[in-house]
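Dropping input.cif in here (mmCIF, C-alpha atoms):
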data_my_file
loop_
_atom_site.group_PDB
_atom_site.id
_atom_site.type_symbol
_atom_site.label_atom_id
_atom_site.label_comp_id
_atom_site.auth_asym_id
_atom_site.auth_seq_id
_atom_site.Cartn_x
_atom_site.Cartn_y
_atom_site.Cartn_z
ATOM 1 C CA MET A 1011 1.776 35.513 -11.765
ATOM 2 C CA SER A 1012 0.710 32.584 -13.922
ATOM 3 C CA LYS A 1013 -2.787 32.284 -15.341
ATOM 4 C CA LYS A 1014 -3.482 29.187 -13.188
ATOM 5 C CA ILE A 1015 -2.463 31.000 -10.000
ATOM 6 C CA ARG A 1016 -4.612 34.022 -10.886
ATOM 7 C CA GLN A 1017 -7.604 31.735 -11.503
ATOM 8 C CA LEU A 1018 -7.074 29.890 -8.199
ATOM 9 C CA SER A 1019 -6.673 33.200 -6.432
ATOM 10 C CA LYS A 1020 -10.011 34.476 -7.754
ATOM 11 C CA LYS A 1021 -11.902 31.219 -7.150
ATOM 12 C CA THR A 1022 -10.701 30.771 -3.572
ATOM 13 C CA GLY A 1023 -10.417 34.374 -2.440
ATOM 14 C CA LEU A 1024 -6.737 33.823 -1.663
ATOM 15 C CA SER A 1025 -5.542 36.931 -3.459
ATOM 16 C CA LYS A 1026 -4.019 38.232 -0.258
ATOM 17 C CA ILE A 1027 -0.394 37.112 -0.691
ATOM 18 C CA GLY A 1028 0.725 40.744 -1.057
ATOM 19 C CA TRP A 1029 -1.113 41.641 2.144
ATOM 20 C CA CYS A 1030 0.389 38.609 3.914
ATOM 21 C CA LEU A 1031 3.905 39.647 2.957
ATOM 22 C CA LYS A 1032 3.368 43.013 4.684
ATOM 23 C CA GLN A 1033 2.061 41.603 7.995
ATOM 24 C CA LYS A 1034 4.338 41.259 11.011
ATOM 25 C CA LYS A 1035 3.562 37.533 11.412
ATOM 26 C CA GLY A 1036 2.636 37.044 7.774
ATOM 27 C CA ILE A 1037 4.682 35.396 5.062
ATOM 28 C CA GLU A 1038 8.427 35.710 5.468
ATOM 29 C CA ILE A 1039 11.303 34.133 3.543
ATOM 30 C CA VAL A 1040 13.655 32.494 6.062
ATOM 31 C CA GLU A 1041 16.412 29.900 6.062
ATOM 32 C CA GLN A 1042 15.304 26.439 4.941
ATOM 33 C CA ASN A 1043 14.979 24.050 7.870
ATOM 34 C CA ASP A 1044 14.590 20.302 7.308
ATOM 35 C CA THR A 1045 14.677 19.620 11.064
ATOM 36 C CA VAL A 1046 11.690 21.851 11.730
ATOM 37 C CA ALA A 1047 9.920 20.433 8.668
ATOM 38 C CA LYS A 1048 10.357 16.896 10.039
ATOM 39 C CA ALA A 1049 9.020 18.037 13.421
ATOM 40 C CA TYR A 1050 5.889 19.454 11.763
ATOM 41 C CA PHE A 1051 5.363 16.204 9.845
ATOM 42 C CA SER A 1052 5.716 14.331 13.130
ATOM 43 C CA ASP A 1053 3.113 16.624 14.693
ATOM 44 C CA ALA A 1054 0.825 16.000 11.706
ATOM 45 C CA ASP A 1055 1.150 12.251 12.328
ATOM 46 C CA GLU A 1056 0.281 12.698 16.016
ATOM 47 C CA SER A 1057 -2.767 14.738 15.034
ATOM 48 C CA LEU A 1058 -3.846 11.988 12.614
ATOM 49 C CA LEU A 1059 -3.701 9.458 15.447
ATOM 50 C CA ALA A 1060 -5.679 11.785 17.696
ATOM 51 C CA MET A 1061 -8.235 12.346 14.923
ATOM 52 C CA GLU A 1062 -8.852 8.587 14.713
ATOM 53 C CA LYS A 1063 -9.426 8.361 18.486
ATOM 54 C CA ASN A 1064 -11.630 11.442 18.796
ATOM 55 C CA SER A 1065 -15.143 12.335 17.760
ATOM 56 C CA GLY A 1066 -17.134 15.526 17.428
ATOM 57 C CA LYS A 1067 -15.340 18.817 17.917
ATOM 58 C CA TRP A 1068 -11.939 17.304 18.671
ATOM 59 C CA ARG A 1069 -12.027 15.133 15.555
ATOM 60 C CA VAL A 1070 -12.461 18.298 13.476
ATOM 61 C CA VAL A 1071 -9.730 20.160 15.364
ATOM 62 C CA THR A 1072 -7.193 17.352 15.089
ATOM 63 C CA ALA A 1073 -8.038 16.739 11.417
ATOM 64 C CA TYR A 1074 -7.374 20.390 10.661
ATOM 65 C CA TYR A 1075 -4.077 20.445 12.519
ATOM 66 C CA ALA A 1076 -2.928 17.235 10.834
ATOM 67 C CA CYS A 1077 -3.387 18.944 7.472
ATOM 68 C CA TYR A 1078 -2.167 22.360 8.574
ATOM 69 C CA ASN A 1079 1.026 20.990 10.126
ATOM 70 C CA ALA A 1080 1.776 18.907 7.026
ATOM 71 C CA LEU A 1081 1.320 22.021 4.885
ATOM 72 C CA TYR A 1082 3.477 24.064 7.236
ATOM 73 C CA ALA A 1083 6.179 21.370 7.065
ATOM 74 C CA LEU A 1084 6.349 21.982 3.311
ATOM 75 C CA LEU A 1085 6.783 25.692 3.880
ATOM 76 C CA MET A 1086 9.525 25.165 6.473
ATOM 77 C CA LYS A 1087 11.382 22.859 4.104
ATOM 78 C CA ALA A 1088 11.276 25.666 1.538
ATOM 79 C CA GLY A 1089 12.214 28.363 4.051
ATOM 80 C CA ILE A 1090 8.858 30.103 4.145
ATOM 81 C CA LYS A 1091 7.513 31.123 7.549
ATOM 82 C CA CYS A 1092 3.979 32.280 8.286
ATOM 83 C CA GLU A 1093 2.007 32.521 11.513
ATOM 84 C CA ILE A 1094 -1.314 33.594 9.992
ATOM 85 C CA HIS A 1095 -3.341 30.521 8.995
ATOM 86 C CA ASP A 1096 -5.163 32.201 6.102
ATOM 87 C CA CYS A 1097 -1.809 33.277 4.691
ATOM 88 C CA THR A 1098 -0.337 29.805 5.095
ATOM 89 C CA ILE A 1099 -3.295 28.378 3.195
ATOM 90 C CA ALA A 1100 -2.909 31.081 0.534
ATOM 91 C CA THR A 1101 0.569 29.739 -0.284
ATOM 92 C CA MET A 1102 -1.062 26.530 -1.528
ATOM 93 C CA MET A 1103 -1.553 28.280 -4.877
ATOM 94 C CA PHE A 1104 2.196 28.064 -5.397
ATOM 95 C CA LEU A 1105 2.597 24.453 -4.238
ATOM 96 C CA ASP A 1106 0.785 22.632 -7.062
ATOM 97 C CA PHE A 1107 -2.312 21.868 -5.014
ATOM 98 C CA THR A 1108 -5.556 21.473 -6.932
ATOM 99 C CA LEU A 1109 -8.475 23.827 -6.491
ATOM 100 C CA ASP A 1110 -10.334 21.030 -4.676
ATOM 101 C CA GLU A 1111 -7.440 20.568 -2.225
ATOM 102 C CA ILE A 1112 -7.318 24.300 -1.527
ATOM 103 C CA LYS A 1113 -11.071 24.410 -0.968
ATOM 104 C CA PHE A 1114 -10.755 21.355 1.296
ATOM 105 C CA MET A 1115 -8.246 23.199 3.511
ATOM 106 C CA ILE A 1116 -10.346 26.364 3.580
ATOM 107 C CA ASN A 1117 -13.464 24.384 4.526
ATOM 108 C CA LEU A 1118 -11.597 22.365 7.155
ATOM 109 C CA LYS A 1119 -10.197 25.562 8.705
ATOM 110 C CA ASN A 1120 -13.675 27.102 8.772
ATOM 111 C CA ALA A 1121 -15.137 23.940 10.338
ATOM 112 C CA ARG A 1122 -12.441 24.024 13.024
ATOM 113 C CA ILE A 1123 -13.212 27.649 13.829
ATOM 114 C CA ASP A 1124 -16.965 26.957 13.909
ATOM 115 C CA VAL A 1125 -16.709 24.018 16.324
ATOM 116 C CA GLN A 1126 -13.964 25.473 18.485
ATOM 117 C CA TYR A 1127 -15.080 29.075 18.864
ATOM 118 C CA TYR A 1128 -18.767 29.165 17.923
ATOM 119 C CA LEU A 1129 -19.682 25.741 19.368
ATOM 120 C CA LYS A 1130 -21.455 24.695 16.180
ATOM 121 C CA PRO A 1131 -22.160 21.004 15.610
ATOM 122 C CA ALA A 1132 -19.195 19.100 14.237
ATOM 123 C CA PRO A 1133 -19.476 18.083 10.591
ATOM 124 C CA VAL A 1134 -18.516 14.609 9.461
ATOM 125 C CA ILE A 1135 -14.803 14.531 8.651
ATOM 126 C CA ASP A 1136 -13.569 12.446 5.735
ATOM 127 C CA SER A 1137 -10.548 10.841 7.392
ATOM 128 C CA VAL A 1138 -9.415 9.335 4.080
ATOM 129 C CA GLN A 1139 -9.211 12.796 2.557
ATOM 130 C CA VAL A 1140 -7.332 14.111 5.607
ATOM 131 C CA LYS A 1141 -4.816 11.263 5.403
ATOM 132 C CA ARG A 1142 -4.487 11.732 1.635
ATOM 133 C CA PHE A 1143 -3.696 15.420 2.156
ATOM 134 C CA VAL A 1144 -0.957 14.647 4.698
ATOM 135 C CA VAL A 1145 0.553 12.002 2.407
ATOM 136 C CA ASP A 1146 0.406 14.412 -0.536
ATOM 137 C CA CYS A 1147 2.352 16.986 1.496
ATOM 138 C CA ARG A 1148 4.983 14.340 2.312
ATOM 139 C CA VAL A 1149 5.300 13.419 -1.364
ATOM 140 C CA LYS A 1150 5.625 17.065 -2.363
ATOM 141 C CA SER A 1151 8.302 17.488 0.302
ATOM 142 C CA ARG A 1152 10.304 14.495 -0.950
ATOM 143 C CA ASN A 1153 10.082 15.825 -4.498
ATOM 144 C CA PHE A 1154 11.315 19.317 -3.596
ATOM 145 C CA SER A 1155 14.476 20.002 -5.543
ATOM 146 C CA GLU A 1156 16.624 23.033 -4.834
ATOM 147 C CA GLU A 1157 15.400 24.441 -8.155
ATOM 148 C CA LYS A 1158 11.741 23.926 -7.181
ATOM 149 C CA ILE A 1159 12.347 25.528 -3.773
ATOM 150 C CA LYS A 1160 14.065 28.523 -5.359
ATOM 151 C CA GLU A 1161 11.163 28.906 -7.810
ATOM 152 C CA LEU A 1162 8.596 28.632 -4.976
ATOM 153 C CA ARG A 1163 10.391 31.196 -2.821
ATOM 154 C CA GLY A 1164 10.493 33.586 -5.768
ATOM 155 C CA LYS A 1165 6.781 33.173 -6.525
ATOM 156 C CA VAL A 1166 5.795 33.700 -2.897
ATOM 157 C CA LYS A 1167 8.148 36.651 -2.438
ATOM 158 C CA ASN A 1168 6.730 38.371 -5.539
ATOM 159 C CA GLY A 1169 3.134 37.643 -4.502
#
Any chance you could put this one into structure tokens?
Amino acid sequence: MSKKIRQLSKKTGLSKIGWCLKQKKGIEIVEQNDTVAKAYFSDADESLLAMEKNSGKWRVVTAYYACYNALYALLMKAGIKCEIHDCTIATMMFLDFTLDEIKFMINLKNARIDVQYYLKPAPVIDSVQVKRFVVDCRVKSRNFSEEKIKELRGKVKNG
């Protein structure tokens, strides 16, 4: 594991890749699937539109799913499957996201949980940052070479 990944892991608490690999619905290396990746990007776009139309709780929920689905699209393009949100977010360490972007996703996930399950007041969502995250995922996806995908799959598989 590289020094940068170890530092991100410690700072974000995402040192659970090994645990995620052992879970039934955790991280799994599967066949790459561009069709499914495109479908997740499409879903991210729909969530962005919904975010713009909504307020309060539903703005937070749709903002989170716009980002989450864009991130998941990246994983599907690389052939990495995961049904545990914390584990999906943990893979960001291997996808050249900054510490701020990782913290953004963690905070957005926590805000979604708070408003959806604990009925806490909805925080203000920075729609520019949400849109930037989705675009960044699209750019990363377009720049995925077979070599980069192979490297990513190896890093994730080895935790």
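Take the candidates A:Ala1080, A:Val1040, A:Met1102, A:Ala1088 and check each one against Ala1054 of chain A using all atoms listed in the file; the shortest distance goes to A:Ala1080.
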*Can you turn the PyMOL selection byres ((chain A and resi 1098) around 12) into a concrete residue list for this file, as a ChimeraX atom specification?*
/A:1024,1026-1027,1030-1031,1035-1038,1077-1086,1090-1097,1099-1105,1112,1115-1116,1119,1166
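For the file at hand, the PyMOL selection byres ((chain A and resi 1164) around 12) resolves to Met1011, Glu1038, Ile1039, Ala1088, Gly1089, Ile1090, Thr1101, Phe1104, Glu1157, Lys1158, Ile1159, Lys1160, Glu1161, Leu1162, Arg1163, Lys1165, Val1166, Lys1167, Asn1168 and Gly1169 of chain A.
Note that atom CA of Thr1108 of chain A and atom CA of Ala1073 of chain A are 19.1 Å apart.
A straight line drawn from atom CA of Lys1113 of chain A to atom CA of Trp1029 of chain A is 20.1 Å long.
Between atom CA of Lys1048 of chain A and atom CA of Gly1028 of chain A the separation is 28.0 Å.
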Could you give me segment 1099-1120 of chain A completed to N, CA and C atoms, formatted as a PDB file, in the frame of the given file?
ATOM      1  N   ILE A1099      -2.434  29.050   4.170  1.00  0.00           N
ATOM      2  CA  ILE A1099      -3.295  28.378   3.195  1.00  0.00           C
ATOM      3  C   ILE A1099      -3.185  29.054   1.830  1.00  0.00           C
ATOM      4  N   ALA A1100      -3.036  30.361   1.802  1.00  0.00           N
ATOM      5  CA  ALA A1100      -2.909  31.081   0.534  1.00  0.00           C
ATOM      6  C   ALA A1100      -1.681  30.632  -0.258  1.00  0.00           C
ATOM      7  N   THR A1101      -0.639  30.186   0.426  1.00  0.00           N
ATOM      8  CA  THR A1101       0.569  29.739  -0.284  1.00  0.00           C
ATOM      9  C   THR A1101       0.324  28.458  -1.075  1.00  0.00           C
ATOM     10  N   MET A1102      -0.778  27.766  -0.814  1.00  0.00           N
ATOM     11  CA  MET A1102      -1.062  26.530  -1.528  1.00  0.00           C
ATOM     12  C   MET A1102      -1.145  26.741  -3.033  1.00  0.00           C
ATOM     13  N   MET A1103      -1.480  27.962  -3.443  1.00  0.00           N
ATOM     14  CA  MET A1103      -1.553  28.280  -4.877  1.00  0.00           C
ATOM     15  C   MET A1103      -0.221  28.034  -5.563  1.00  0.00           C
ATOM     16  N   PHE A1104       0.861  28.185  -4.826  1.00  0.00           N
ATOM     17  CA  PHE A1104       2.196  28.064  -5.397  1.00  0.00           C
ATOM     18  C   PHE A1104       2.790  26.662  -5.226  1.00  0.00           C
ATOM     19  N   LEU A1105       2.076  25.773  -4.581  1.00  0.00           N
ATOM     20  CA  LEU A1105       2.597  24.453  -4.238  1.00  0.00           C
ATOM     21  C   LEU A1105       1.955  23.323  -5.043  1.00  0.00           C
ATOM     22  N   ASP A1106       1.383  23.632  -6.168  1.00  0.00           N
ATOM     23  CA  ASP A1106       0.785  22.632  -7.062  1.00  0.00           C
ATOM     24  C   ASP A1106      -0.364  21.852  -6.434  1.00  0.00           C
ATOM     25  N   PHE A1107      -1.094  22.476  -5.532  1.00  0.00           N
ATOM     26  CA  PHE A1107      -2.312  21.868  -5.014  1.00  0.00           C
ATOM     27  C   PHE A1107      -3.440  22.154  -5.991  1.00  0.00           C
ATOM     28  N   THR A1108      -4.406  21.262  -6.061  1.00  0.00           N
ATOM     29  CA  THR A1108      -5.556  21.473  -6.932  1.00  0.00           C
ATOM     30  C   THR A1108      -6.526  22.452  -6.262  1.00  0.00           C
ATOM     31  N   LEU A1109      -7.445  22.947  -7.038  1.00  0.00           N
ATOM     32  CA  LEU A1109      -8.475  23.827  -6.491  1.00  0.00           C
ATOM     33  C   LEU A1109      -9.283  23.083  -5.423  1.00  0.00           C
ATOM     34  N   ASP A1110      -9.581  21.820  -5.656  1.00  0.00           N
ATOM     35  CA  ASP A1110     -10.334  21.030  -4.676  1.00  0.00           C
ATOM     36  C   ASP A1110      -9.565  20.887  -3.366  1.00  0.00           C
ATOM     37  N   GLU A1111      -8.249  20.695  -3.437  1.00  0.00           N
ATOM     38  CA  GLU A1111      -7.440  20.568  -2.225  1.00  0.00           C
ATOM     39  C   GLU A1111      -7.401  21.891  -1.449  1.00  0.00           C
ATOM     40  N   ILE A1112      -7.323  22.989  -2.183  1.00  0.00           N
ATOM     41  CA  ILE A1112      -7.318  24.300  -1.527  1.00  0.00           C
ATOM     42  C   ILE A1112      -8.663  24.547  -0.845  1.00  0.00           C
ATOM     43  N   LYS A1113      -9.738  24.246  -1.556  1.00  0.00           N
ATOM     44  CA  LYS A1113     -11.071  24.410  -0.968  1.00  0.00           C
ATOM     45  C   LYS A1113     -11.241  23.495   0.250  1.00  0.00           C
ATOM     46  N   PHE A1114     -10.702  22.280   0.167  1.00  0.00           N
ATOM     47  CA  PHE A1114     -10.755  21.355   1.296  1.00  0.00           C
ATOM     48  C   PHE A1114     -10.117  21.982   2.531  1.00  0.00           C
ATOM     49  N   MET A1115      -8.935  22.572   2.367  1.00  0.00           N
ATOM     50  CA  MET A1115      -8.246  23.199   3.511  1.00  0.00           C
ATOM     51  C   MET A1115      -9.025  24.398   4.036  1.00  0.00           C
ATOM     52  N   ILE A1116      -9.552  25.205   3.152  1.00  0.00           N
ATOM     53  CA  ILE A1116     -10.346  26.364   3.580  1.00  0.00           C
ATOM     54  C   ILE A1116     -11.571  25.899   4.366  1.00  0.00           C
ATOM     55  N   ASN A1117     -12.267  24.895   3.847  1.00  0.00           N
ATOM     56  CA  ASN A1117     -13.464  24.384   4.526  1.00  0.00           C
ATOM     57  C   ASN A1117     -13.126  23.729   5.860  1.00  0.00           C
ATOM     58  N   LEU A1118     -12.013  23.009   5.908  1.00  0.00           N
ATOM     59  CA  LEU A1118     -11.597  22.365   7.155  1.00  0.00           C
ATOM     60  C   LEU A1118     -11.225  23.414   8.209  1.00  0.00           C
ATOM     61  N   LYS A1119     -10.539  24.470   7.782  1.00  0.00           N
ATOM     62  CA  LYS A1119     -10.197  25.562   8.705  1.00  0.00           C
ATOM     63  C   LYS A1119     -11.480  26.216   9.239  1.00  0.00           C
ATOM     64  N   ASN A1120     -12.426  26.475   8.355  1.00  0.00           N
ATOM     65  CA  ASN A1120     -13.675  27.102   8.772  1.00  0.00           C
ATOM     66  C   ASN A1120     -14.475  26.197   9.709  1.00  0.00           C
TER      67      ASN A1120
END
